[in-house]
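Structure below is run-v3.tsv: TSV, C-alpha atoms (C1' of nucleotides).
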chain	number	residue	atom	x	y	z
Z	31	MET	CA	144.07	95.22	88.84
Z	32	SER	CA	143.14	92.88	91.69
Z	33	VAL	CA	139.92	94.52	92.75
Z	34	SER	CA	137.43	95.90	90.27
Z	35	LYS	CA	136.65	99.61	90.31
Z	36	LYS	CA	133.05	98.72	90.94
Z	37	GLN	CA	134.05	96.96	94.13
Z	38	LEU	CA	136.31	99.85	95.15
Z	39	ILE	CA	133.33	102.17	94.80
Z	40	LEU	CA	131.14	99.91	96.94
Z	41	ASP	CA	133.84	99.63	99.61
Z	42	ALA	CA	134.39	103.37	99.74
Z	43	ALA	CA	130.66	104.06	99.82
Z	44	LEU	CA	130.13	101.77	102.81
Z	45	VAL	CA	132.68	103.58	104.94
Z	46	LEU	CA	131.47	107.04	103.99
Z	47	PHE	CA	127.81	106.17	104.44
Z	48	VAL	CA	128.43	104.89	107.96
Z	49	ASP	CA	130.53	107.92	108.89
Z	50	ASN	CA	128.39	110.66	107.36
Z	51	GLY	CA	125.03	109.13	106.66
Z	52	ILE	CA	123.72	108.25	103.21
Z	53	ASP	CA	122.35	111.69	102.39
Z	54	GLY	CA	125.42	113.22	103.96
Z	55	THR	CA	127.71	111.46	101.51
Z	56	SER	CA	128.13	112.91	98.03
Z	57	THR	CA	128.79	110.75	95.00
Z	58	ALA	CA	131.85	112.91	94.36
Z	59	SER	CA	133.33	112.02	97.76
Z	60	ILE	CA	132.73	108.33	97.12
Z	61	ALA	CA	134.53	108.49	93.79
Z	62	LYS	CA	137.41	110.39	95.36
Z	63	LYS	CA	137.86	107.91	98.22
Z	64	ALA	CA	137.72	105.02	95.75
Z	65	ASN	CA	140.38	106.72	93.57
Z	66	VAL	CA	137.97	106.61	90.69
Z	67	ALA	CA	136.60	109.25	88.39
Z	68	ASN	CA	133.18	110.70	88.96
Z	69	GLY	CA	131.92	109.42	85.64
Z	70	THR	CA	133.06	105.89	86.45
Z	71	LEU	CA	130.72	105.77	89.40
Z	72	PHE	CA	127.75	106.64	87.23
Z	73	HIS	CA	128.87	104.13	84.64
Z	74	HIS	CA	128.46	101.31	87.15
Z	75	PHE	CA	125.45	102.70	88.99
Z	76	GLN	CA	122.80	104.69	87.15
Z	77	THR	CA	121.81	106.67	90.23
Z	78	LYS	CA	122.95	107.09	93.80
Z	79	ALA	CA	119.93	105.10	94.96
Z	80	ASP	CA	121.01	102.23	92.70
Z	81	LEU	CA	124.40	102.28	94.38
Z	82	VAL	CA	122.80	102.09	97.81
Z	83	HIS	CA	120.57	99.23	96.74
Z	84	ALA	CA	123.46	97.28	95.18
Z	85	LEU	CA	125.52	97.73	98.31
Z	86	TYR	CA	122.66	96.49	100.41
Z	87	LEU	CA	122.18	93.38	98.26
Z	88	MET	CA	125.87	92.54	98.48
Z	89	ILE	CA	125.92	92.79	102.26
Z	90	LYS	CA	122.63	90.97	102.69
Z	91	GLU	CA	124.03	87.99	100.83
Z	92	GLN	CA	127.06	87.81	103.11
Z	93	PHE	CA	124.87	88.10	106.18
Z	94	ALA	CA	122.45	85.41	105.07
Z	95	GLN	CA	125.32	83.03	104.35
Z	96	GLN	CA	126.75	83.38	107.83
Z	97	ILE	CA	123.44	83.14	109.63
Z	98	SER	CA	121.58	80.36	107.83
Z	99	PRO	CA	121.50	77.34	110.13
Z	100	ASN	CA	123.43	74.64	108.28
Z	101	ASN	CA	122.88	71.75	110.65
Z	102	ALA	CA	119.34	71.94	111.91
Z	103	ASN	CA	118.94	68.23	112.52
Z	104	GLY	CA	118.96	66.88	116.02
Z	105	ASN	CA	119.20	70.20	117.79
Z	106	SER	CA	116.67	71.59	120.19
Z	107	ILE	CA	114.80	74.75	119.31
Z	108	GLU	CA	116.69	76.58	122.02
Z	109	GLN	CA	120.02	75.41	120.65
Z	110	LEU	CA	119.01	76.45	117.14
Z	111	ALA	CA	117.84	79.83	118.37
Z	112	SER	CA	121.04	80.31	120.31
Z	113	ASN	CA	123.14	79.48	117.26
Z	114	VAL	CA	121.21	81.83	115.01
Z	115	TRP	CA	121.20	84.68	117.51
Z	116	ASN	CA	124.88	84.40	118.39
Z	117	ASP	CA	125.92	83.98	114.76
Z	118	ALA	CA	124.04	87.17	113.98
Z	119	ILE	CA	125.68	89.04	116.85
Z	120	ASP	CA	129.11	87.71	115.91
Z	121	TRP	CA	128.62	88.79	112.33
Z	122	SER	CA	127.61	92.26	113.45
Z	123	VAL	CA	130.62	92.66	115.70
Z	124	ALA	CA	132.94	91.39	112.97
Z	125	ASN	CA	131.30	93.66	110.39
Z	126	PRO	CA	130.22	96.73	112.31
Z	127	ASN	CA	130.02	98.96	109.25
Z	128	LYS	CA	127.75	96.53	107.49
Z	129	LEU	CA	125.36	96.28	110.41
Z	130	GLN	CA	125.28	100.05	110.79
Z	131	PHE	CA	124.59	100.31	107.08
Z	132	PHE	CA	121.58	98.02	107.49
Z	133	LYS	CA	120.23	100.43	110.07
Z	134	LEU	CA	120.87	103.39	107.80
Z	135	VAL	CA	119.05	101.78	104.89
Z	136	ILE	CA	116.06	100.80	107.00
Z	137	HIS	CA	115.61	104.41	108.11
Z	138	SER	CA	116.72	106.17	104.94
Z	139	HIS	CA	114.25	107.66	102.51
Z	140	ILE	CA	116.50	107.08	99.49
Z	141	LEU	CA	114.94	103.69	98.82
Z	142	SER	CA	111.19	103.36	98.41
Z	143	ALA	CA	109.11	102.15	101.34
Z	144	THR	CA	108.29	99.01	99.39
Z	145	ILE	CA	111.92	98.04	99.00
Z	146	ARG	CA	112.64	98.79	102.66
Z	147	ARG	CA	109.82	96.51	103.78
Z	148	GLU	CA	110.98	93.78	101.43
Z	149	ILE	CA	114.42	94.16	102.96
Z	150	MET	CA	113.14	93.46	106.43
Z	151	ASN	CA	111.08	90.47	105.43
Z	152	GLN	CA	113.88	88.81	103.50
Z	153	GLN	CA	116.27	89.20	106.36
Z	154	LEU	CA	114.03	87.48	108.85
Z	155	GLY	CA	112.89	84.52	106.77
Z	156	PHE	CA	114.92	81.96	108.66
Z	157	LEU	CA	113.79	83.34	111.99
Z	158	GLU	CA	110.17	83.03	110.95
Z	159	GLN	CA	110.54	79.29	110.37
Z	160	LEU	CA	112.14	78.84	113.75
Z	161	ILE	CA	109.41	80.71	115.58
Z	162	ILE	CA	106.64	78.81	113.84
Z	163	ALA	CA	108.30	75.53	114.77
Z	164	GLY	CA	108.66	76.66	118.39
Z	165	GLN	CA	105.01	77.66	118.54
Z	166	GLN	CA	103.90	74.33	117.11
Z	167	GLN	CA	105.91	72.52	119.74
Z	168	GLY	CA	104.32	74.62	122.43
Z	169	ILE	CA	107.65	76.10	123.50
Z	170	PHE	CA	106.72	79.63	122.50
Z	171	ALA	CA	103.64	81.63	123.33
Z	172	GLN	CA	101.05	82.18	120.61
Z	173	TYR	CA	101.80	85.84	120.08
Z	174	PRO	CA	101.04	87.19	116.60
Z	175	LEU	CA	103.89	86.32	114.27
Z	176	ASP	CA	104.18	89.72	112.60
Z	177	LEU	CA	104.47	91.42	115.97
Z	178	ILE	CA	107.11	88.94	117.15
Z	179	LEU	CA	109.21	89.49	114.04
Z	180	ASP	CA	109.20	93.27	114.36
Z	181	ASN	CA	110.04	93.00	118.03
Z	182	CYS	CA	112.92	90.62	117.35
Z	183	GLN	CA	114.36	92.80	114.64
Z	184	GLY	CA	114.23	95.75	117.03
Z	185	GLN	CA	116.06	93.78	119.68
Z	186	PHE	CA	118.66	92.50	117.26
Z	187	LEU	CA	119.48	95.92	115.84
Z	188	SER	CA	119.73	97.60	119.22
Z	189	VAL	CA	121.71	94.82	120.90
Z	190	SER	CA	124.06	94.51	117.92
Z	191	SER	CA	124.75	98.22	118.12
Z	192	PHE	CA	125.30	97.88	121.84
Z	193	PHE	CA	128.09	95.35	121.33
Z	194	ILE	CA	129.56	97.22	118.38
Z	195	GLU	CA	129.89	100.33	120.51
Z	196	ARG	CA	131.50	98.33	123.34
Z	197	PRO	CA	133.96	95.92	121.73
Z	198	GLN	CA	135.44	94.93	125.08
Z	199	LEU	CA	132.09	93.39	126.05
Z	200	THR	CA	131.75	91.24	122.96
Z	201	GLY	CA	133.48	88.29	124.61
Z	202	ASP	CA	132.01	88.92	128.05
Z	203	ILE	CA	129.99	85.78	128.64
Z	204	LYS	CA	127.76	87.50	131.17
Z	205	TYR	CA	126.67	90.07	128.59
Z	206	ARG	CA	126.43	87.58	125.77
Z	207	GLU	CA	124.28	85.17	127.77
Z	208	ALA	CA	122.08	87.97	129.05
Z	209	ALA	CA	121.53	89.21	125.52
Z	210	PHE	CA	120.38	85.81	124.31
Z	211	LYS	CA	118.32	85.18	127.42
Z	212	MET	CA	116.38	88.40	126.91
Z	213	PHE	CA	115.75	87.52	123.29
Z	214	TRP	CA	114.71	83.99	124.20
Z	215	ASN	CA	112.45	85.09	127.06
Z	216	THR	CA	110.61	87.38	124.67
Z	217	LEU	CA	109.32	84.39	122.75
Z	218	GLY	CA	108.10	82.40	125.72
Q	178	MET	CA	97.85	135.78	114.91
Q	179	SER	CA	96.91	132.77	117.02
Q	180	VAL	CA	100.00	130.69	116.43
Q	181	SER	CA	103.48	132.17	116.31
Q	182	LYS	CA	105.49	131.88	113.13
Q	183	LYS	CA	108.10	130.00	115.06
Q	184	GLN	CA	105.54	127.35	115.92
Q	185	LEU	CA	104.29	127.23	112.33
Q	186	ILE	CA	107.83	126.52	111.21
Q	187	LEU	CA	108.23	123.71	113.75
Q	188	ASP	CA	104.90	122.17	112.74
Q	189	ALA	CA	105.73	122.28	109.06
Q	190	ALA	CA	109.20	120.90	109.66
Q	191	LEU	CA	107.87	117.89	111.56
Q	192	VAL	CA	105.60	116.82	108.71
Q	193	LEU	CA	108.22	117.30	106.03
Q	194	PHE	CA	110.96	115.57	108.01
Q	195	VAL	CA	108.79	112.49	108.50
Q	196	ASP	CA	107.77	112.40	104.84
Q	197	ASN	CA	111.12	113.10	103.22
Q	198	GLY	CA	113.73	112.55	105.89
Q	199	ILE	CA	115.68	115.29	107.60
Q	200	ASP	CA	118.40	115.62	104.97
Q	201	GLY	CA	115.77	115.26	102.30
Q	202	THR	CA	113.92	118.34	103.52
Q	203	SER	CA	115.21	121.78	102.50
Q	204	THR	CA	114.83	124.81	104.72
Q	205	ALA	CA	113.16	126.52	101.76
Q	206	SER	CA	110.43	123.86	101.62
Q	207	ILE	CA	109.84	124.21	105.35
Q	208	ALA	CA	109.42	127.96	105.06
Q	209	LYS	CA	107.09	127.54	102.11
Q	210	LYS	CA	104.85	124.99	103.86
Q	211	ALA	CA	104.74	127.22	106.94
Q	212	ASN	CA	103.74	130.21	104.78
Q	213	VAL	CA	106.74	132.06	106.10
Q	214	ALA	CA	109.64	133.78	104.42
Q	215	ASN	CA	112.96	132.03	104.14
Q	216	GLY	CA	114.70	134.66	106.21
Q	217	THR	CA	112.15	134.27	109.00
Q	218	LEU	CA	113.18	130.67	109.49
Q	219	PHE	CA	116.81	131.66	109.97
Q	220	HIS	CA	115.77	134.48	112.29
Q	221	HIS	CA	114.29	131.95	114.72
Q	222	PHE	CA	116.81	129.15	114.16
Q	223	GLN	CA	120.44	129.95	113.45
Q	224	THR	CA	120.99	126.74	111.49
Q	225	LYS	CA	118.99	123.81	110.24
Q	226	ALA	CA	120.54	121.63	112.95
Q	227	ASP	CA	119.29	124.11	115.57
Q	228	LEU	CA	115.80	123.74	114.16
Q	229	VAL	CA	116.02	119.95	114.40
Q	230	HIS	CA	117.28	120.15	117.96
Q	231	ALA	CA	114.57	122.62	119.02
Q	232	LEU	CA	111.89	120.42	117.48
Q	233	TYR	CA	113.28	117.42	119.31
Q	234	LEU	CA	113.28	119.23	122.65
Q	235	MET	CA	109.67	120.32	122.17
Q	236	ILE	CA	108.48	116.81	121.40
Q	237	LYS	CA	110.54	115.21	124.14
Q	238	GLU	CA	108.86	117.42	126.71
Q	239	GLN	CA	105.40	116.34	125.55
Q	240	PHE	CA	106.41	112.71	125.58
Q	241	ALA	CA	107.92	112.85	129.06
Q	242	GLN	CA	104.80	114.51	130.41
Q	243	GLN	CA	102.53	111.75	129.13
Q	244	ILE	CA	104.74	108.91	130.22
Q	245	SER	CA	105.97	109.88	133.66
Q	246	PRO	CA	104.20	107.67	136.19
Q	247	ASN	CA	102.14	110.05	138.31
Q	248	ASN	CA	100.79	107.61	140.88
Q	249	ALA	CA	103.55	105.17	141.68
Q	250	ASN	CA	102.35	104.43	145.20
Q	251	GLY	CA	100.66	101.16	145.97
Q	252	ASN	CA	101.06	99.62	142.56
Q	253	SER	CA	102.96	96.47	141.78
Q	254	ILE	CA	106.03	96.66	139.57
Q	255	GLU	CA	104.13	94.85	136.85
Q	256	GLN	CA	101.25	97.30	137.04
Q	257	LEU	CA	103.68	100.22	136.88
Q	258	ALA	CA	105.52	98.70	133.95
Q	259	SER	CA	102.25	98.04	132.17
Q	260	ASN	CA	101.16	101.63	132.67
Q	261	VAL	CA	104.43	103.07	131.44
Q	262	TRP	CA	104.65	100.75	128.44
Q	263	ASN	CA	101.06	101.26	127.34
Q	264	ASP	CA	101.18	105.01	127.90
Q	265	ALA	CA	104.22	105.10	125.65
Q	266	ILE	CA	102.53	103.03	122.96
Q	267	ASP	CA	99.37	105.13	123.20
Q	268	TRP	CA	101.38	108.31	122.84
Q	269	SER	CA	103.14	106.92	119.79
Q	270	VAL	CA	99.94	105.90	118.10
Q	271	ALA	CA	98.35	109.26	118.90
Q	272	ASN	CA	101.45	111.13	117.69
Q	273	PRO	CA	102.87	108.97	114.91
Q	274	ASN	CA	104.84	111.78	113.32
Q	275	LYS	CA	106.52	112.59	116.59
Q	276	LEU	CA	107.55	108.99	117.23
Q	277	GLN	CA	108.88	108.67	113.69
Q	278	PHE	CA	110.78	111.90	114.19
Q	279	PHE	CA	112.44	110.42	117.29
Q	280	LYS	CA	113.64	107.56	115.13
Q	281	LEU	CA	114.90	109.93	112.47
Q	282	VAL	CA	116.87	111.99	115.00
Q	283	ILE	CA	118.42	108.93	116.62
Q	284	HIS	CA	119.74	107.75	113.26
Q	285	SER	CA	120.46	111.13	111.68
Q	286	HIS	CA	123.95	112.55	111.46
Q	287	ILE	CA	122.77	116.15	111.65
Q	288	LEU	CA	123.12	116.21	115.43
Q	289	SER	CA	126.41	115.24	117.06
Q	290	ALA	CA	126.82	111.73	118.45
Q	291	THR	CA	127.05	113.22	121.94
Q	292	ILE	CA	123.65	114.86	121.68
Q	293	ARG	CA	122.09	111.71	120.23
Q	294	ARG	CA	123.37	109.61	123.12
Q	295	GLU	CA	122.14	112.18	125.63
Q	296	ILE	CA	118.77	111.98	123.92
Q	297	MET	CA	118.50	108.27	124.50
Q	298	ASN	CA	119.56	108.43	128.11
Q	299	GLN	CA	117.14	111.20	129.00
Q	300	GLN	CA	114.27	109.40	127.44
Q	301	LEU	CA	114.78	106.25	129.43
Q	302	GLY	CA	115.42	107.73	132.85
Q	303	PHE	CA	112.07	106.70	134.31
Q	304	LEU	CA	112.45	103.19	132.94
Q	305	GLU	CA	115.84	102.84	134.58
Q	306	GLN	CA	114.36	103.48	138.01
Q	307	LEU	CA	111.67	100.92	137.44
Q	308	ILE	CA	114.11	98.24	136.35
Q	309	ILE	CA	116.42	98.82	139.30
Q	310	ALA	CA	113.47	98.53	141.67
Q	311	GLY	CA	112.37	95.31	140.01
Q	312	GLN	CA	115.84	93.83	140.26
Q	313	GLN	CA	116.09	94.74	143.93
Q	314	GLN	CA	112.79	93.00	144.58
Q	315	GLY	CA	114.04	89.93	142.77
Q	316	ILE	CA	111.31	90.17	140.14
Q	317	PHE	CA	113.74	90.80	137.29
Q	318	ALA	CA	116.86	88.91	136.35
Q	319	GLN	CA	120.21	90.52	137.09
Q	320	TYR	CA	121.07	91.32	133.50
Q	321	PRO	CA	123.39	94.30	132.99
Q	322	LEU	CA	121.37	97.51	133.17
Q	323	ASP	CA	122.91	99.18	130.12
Q	324	LEU	CA	122.13	96.17	127.97
Q	325	ILE	CA	118.56	96.02	129.23
Q	326	LEU	CA	117.97	99.68	128.45
Q	327	ASP	CA	119.24	99.41	124.89
Q	328	ASN	CA	117.17	96.28	124.36
Q	329	CYS	CA	114.03	97.95	125.71
Q	330	GLN	CA	114.49	101.02	123.56
Q	331	GLY	CA	114.85	98.76	120.54
Q	332	GLN	CA	111.66	96.95	121.39
Q	333	PHE	CA	109.76	100.15	122.05
Q	334	LEU	CA	110.75	101.79	118.78
Q	335	SER	CA	110.02	98.73	116.66
Q	336	VAL	CA	106.73	97.88	118.36
Q	337	SER	CA	105.56	101.50	118.26
Q	338	SER	CA	106.24	101.60	114.55
Q	339	PHE	CA	104.40	98.32	114.18
Q	340	PHE	CA	101.22	99.78	115.67
Q	341	ILE	CA	101.60	103.07	113.84
Q	342	GLU	CA	101.74	101.23	110.53
Q	343	ARG	CA	98.67	99.16	111.46
Q	344	PRO	CA	96.20	101.55	113.12
Q	345	GLN	CA	93.43	98.93	113.08
Q	346	LEU	CA	95.46	96.80	115.51
Q	347	THR	CA	96.00	99.55	118.05
Q	348	GLY	CA	92.88	98.62	119.98
Q	349	ASP	CA	93.24	94.88	119.41
Q	350	ILE	CA	93.67	93.57	122.93
Q	351	LYS	CA	95.38	90.40	121.72
Q	352	TYR	CA	98.12	92.44	120.06
Q	353	ARG	CA	98.39	94.96	122.84
Q	354	GLU	CA	98.71	92.30	125.53
Q	355	ALA	CA	101.20	90.32	123.48
Q	356	ALA	CA	103.32	93.44	122.99
Q	357	PHE	CA	103.48	94.12	126.71
Q	358	LYS	CA	104.00	90.47	127.57
Q	359	MET	CA	107.03	90.27	125.29
Q	360	PHE	CA	108.48	93.41	126.83
Q	361	TRP	CA	107.79	92.16	130.33
Q	362	ASN	CA	109.20	88.69	129.65
Q	363	THR	CA	112.43	90.26	128.48
Q	364	LEU	CA	113.12	91.55	131.96
Q	365	GLY	CA	112.45	88.31	133.83
C	225	DG	C1'	110.01	140.18	113.38
C	226	DT	C1'	109.22	139.63	108.67
C	227	DC	C1'	110.13	140.18	104.13
C	228	DT	C1'	112.77	139.98	99.23
C	229	DA	C1'	116.71	139.11	96.90
C	230	DT	C1'	120.72	136.88	96.36
C	231	DA	C1'	125.14	135.13	97.57
C	232	DA	C1'	128.28	131.17	97.55
C	233	DG	C1'	128.67	126.67	97.19
C	234	DT	C1'	127.29	121.62	96.55
C	235	DG	C1'	124.47	118.15	94.71
C	236	DG	C1'	123.50	114.38	91.25
C	237	DA	C1'	124.06	113.47	86.77
C	238	DT	C1'	125.69	113.88	81.65
C	239	DA	C1'	128.68	114.47	77.32
C	240	DG	C1'	132.12	113.07	74.86
C	241	DA	C1'	137.23	112.06	74.28
C	242	DC	C1'	140.28	108.16	74.88
Y	104	DG	C1'	135.49	101.05	81.07
Y	105	DT	C1'	137.56	105.15	82.49
Y	106	DC	C1'	138.51	109.72	82.30
Y	107	DT	C1'	137.89	115.21	82.28
Y	108	DA	C1'	134.97	118.84	82.11
Y	109	DT	C1'	130.78	120.80	82.92
Y	110	DC	C1'	125.64	121.68	83.40
Y	111	DC	C1'	122.23	123.49	86.28
Y	112	DA	C1'	118.98	122.81	89.83
Y	113	DC	C1'	119.02	123.16	94.45
Y	114	DT	C1'	121.00	124.11	99.27
Y	115	DT	C1'	122.06	126.72	103.42
Y	116	DA	C1'	122.63	130.99	104.93
Y	117	DT	C1'	123.12	136.25	104.69
Y	118	DA	C1'	122.12	141.34	103.66
Y	119	DG	C1'	119.42	144.83	104.10
Y	120	DA	C1'	114.78	147.17	103.37
Y	121	DC	C1'	110.42	147.65	105.86
How would this structure read if it were set down as structure tokens?
Amino acid sequence: MSVSKKQLILDAALVLFVDNGIDGTSTASIAKKANVANGTLFHHFQTKADLVHALYLMIKEQFAQQISPNNANGNSIEQLASNVWNDAIDWSVANPNKLQFFKLVIHSHILSATIRREIMNQQLGFLEQLIIAGQQQGIFAQYPLDLILDNCQGQFLSVSSFFIERPQLTGDIKYREAAFKMFWNTLG
Amino acid sequence: MSVSKKQLILDAALVLFVDNGIDGTSTASIAKKANVANGTLFHHFQTKADLVHALYLMIKEQFAQQISPNNANGNSIEQLASNVWNDAIDWSVANPNKLQFFKLVIHSHILSATIRREIMNQQLGFLEQLIIAGQQQGIFAQYPLDLILDNCQGQFLSVSSFFIERPQLTGDIKYREAAFKMFWNTLG
DNA sequence: GTCTATAAGTGGATAGAC
DNA sequence: GTCTATCCACTTATAGAC
């Protein structure tokens, strides 16, 4: 067995959640798509909400790994911001289901409001540092940080979805540059 | 009877949808909260999806009425944009459930993808005109219109939610001006 | 139009053998 | 860990009396 049943369940769940919504996907259908027995699913995940949360944590880790700026030294704020933004967009386009799942989780009621808020904060930690640095250097306007972060998340989710729905535009430099420019202008 | 049963059902549905999600709300619970029999609900709305759609149409009409710029003449683009943006934020803060319901519908799978896309386009019609005018006057950058619209919707939904979750900041001029500035900067 | 009663099916979750 | 079999509460929607 090359892939664990637990992983098969998570993989099947992701596809079904994106296609039918989280509430619109039954645990039975997940087990069936994963070629796993119903009971096996509940052996690995106590409840459906636990499954959703575990799937989120798995994807979040992958996302964070791709996005975290690994060579911050010597780059301008704008270059750093461009790297982070475009890495995030690239990740979304390469993993459309995972980005869509993020959106589903944020708006779903299956996880508590507390967990959903925690989700958002964790995901934007790196961005927060960058904005604070930019404000200290006088590059960015002194808008309230919490408002900036919510605004940026809104832009990221909507623009990611835009590119996911139009794969032929992903490599279009005019669109890609415009997307970053709009994001960047927001901060100034 | 001052309010029709149909309206009572719509009112009850809105509250329950926002609290528990659309899929998380049963038709039985809607009927119960509306003090109406189960069968009455299905007399007025053939299916649950029909009820959701009808509720959306009702709210959309109210929103459009508040937002549509009624005195476009003689104002600068920036003044027009400010009016539209702040009217939209004011409406959201005054009708938090209705704004949250918009978000639920956009991300719900209960309505077909076609209808959801139509929803977005309709809601941003007035904004499209304003952006085109601004581009023609050279005030805005020549970013692709479809990308701008998706970006703006993302900003509006996230910033509206921000103010709804923090009512004490609604009247805070620093926050309100920052919110508009960020939106406005995006376009330049 | 409104009600009661109920159909017909699905949901998440459990028990217990292997 | 994995499976089969099953419980039972709940869901959307309908039938038919008033």
(message) Taking all atoms listed in the file into account, name the residue in Q:Phe219, Q:Phe339, Q:Trp361, Q:Tyr320 that is nearest to chain C.
(response)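 Smallest separation from chain C among the options: Q:Phe219.
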(message) as a list in words, please: the residues near Leu193 of chain Q (cut-off 8 Å, only C-alpha atoms (C1' of nucleotides), same-chain neighbours under 6 positions excluded).
(response) Ile199, Thr202 and Ile207 of chain Q
(request) May I ask you to extract the residues of chain Y within 8 Å of chain Q, using all atoms listed in the file, and to give them as a PyMOL selection string? (result) chain Y and resi 114-116
Would you give me, as an mmCIF file with C-alpha atoms, keeping the file's coordinate frame, the residues of chain Q that come within 10 Å of chain C, using all atoms listed in the file?
data_model
loop_
_atom_site.group_PDB
_atom_site.id
_atom_site.type_symbol
_atom_site.label_atom_id
_atom_site.label_comp_id
_atom_site.auth_asym_id
_atom_site.auth_seq_id
_atom_site.Cartn_x
_atom_site.Cartn_y
_atom_site.Cartn_z
ATOM 1 C CA LYS Q 182 105.490 131.880 113.130
ATOM 2 C CA VAL Q 213 106.740 132.060 106.100
ATOM 3 C CA ALA Q 214 109.640 133.780 104.420
ATOM 4 C CA ASN Q 215 112.960 132.030 104.140
ATOM 5 C CA GLY Q 216 114.700 134.660 106.210
ATOM 6 C CA THR Q 217 112.150 134.270 109.000
ATOM 7 C CA LEU Q 218 113.180 130.670 109.490
ATOM 8 C CA HIS Q 220 115.770 134.480 112.290
ATOM 9 C CA HIS Q 221 114.290 131.950 114.720
#
(message) Could you check the closest approach to chain Z for each of Q:Ala310, Q:Ala265, Q:Val195, Q:Ala226 and tell me which residue wins, using all atoms listed in the file?
(response)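 Distance minimum relative to chain Z lands on Q:Val195.
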(request) Dump as a list in words the residues of chain Z that approach chain Q to within 7 Å, counting all atoms listed in the file. (result) Asn50, Gly51, Asp53, His139, Tyr173, Pro174, Asp180, Asn181, Gly184, Gln185, Ser188, Val189, Phe192, Tyr205, Ala208, Met212, Phe213, Asn215, Thr216 and Leu217 of chain Z
(message) Please determine, counting only C-alpha atoms, which residue among Z:Ile169, Z:Glu195, Z:Ile97, Z:Asp202 has the shortest atom-to-atom distance to Ala290 of chain Q.
(response)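 Looking only at the distances to Ala290 of chain Q, the closest residue turns out to be Z:Glu195.
Atom CA of Lys237 of chain Q is found 20.8 Å from atom CA of Leu257 of chain Q.
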(request) Measure the distance from atom CA of Gln314 of chain Q to atom CA of Phe170 of chain Z in Å and round it to one decimal. (result)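 Result for atom CA of Gln314 of chain Q versus atom CA of Phe170 of chain Z: 26.5 Å, one decimal.
Near (110.6, 114.6, 113.2), the residues inside the 8 Å limit, counting all atoms listed in the file, come to Ala190, Leu191, Val192, Phe194, Val195, Ile199, Val229, Leu232, Tyr233, Asn274, Lys275, Leu276, Gln277, Phe278, Phe279, Lys280, Leu281 and Val282 of chain Q.
Between atom CA of Ala208 of chain Q and atom CA of Asp227 of chain Q there is a distance of 14.9 Å.
The residue set within 8 Å of segment 245-254 of chain Q, counting all atoms listed in the file and dropping same-chain residues fewer than 2 places from it, reads Ala241, Gln242, Gln243, Gln256, Leu257, Ala258, Asn260, Val261, Phe303, Leu307, Ala310 and Gly311 of chain Q.
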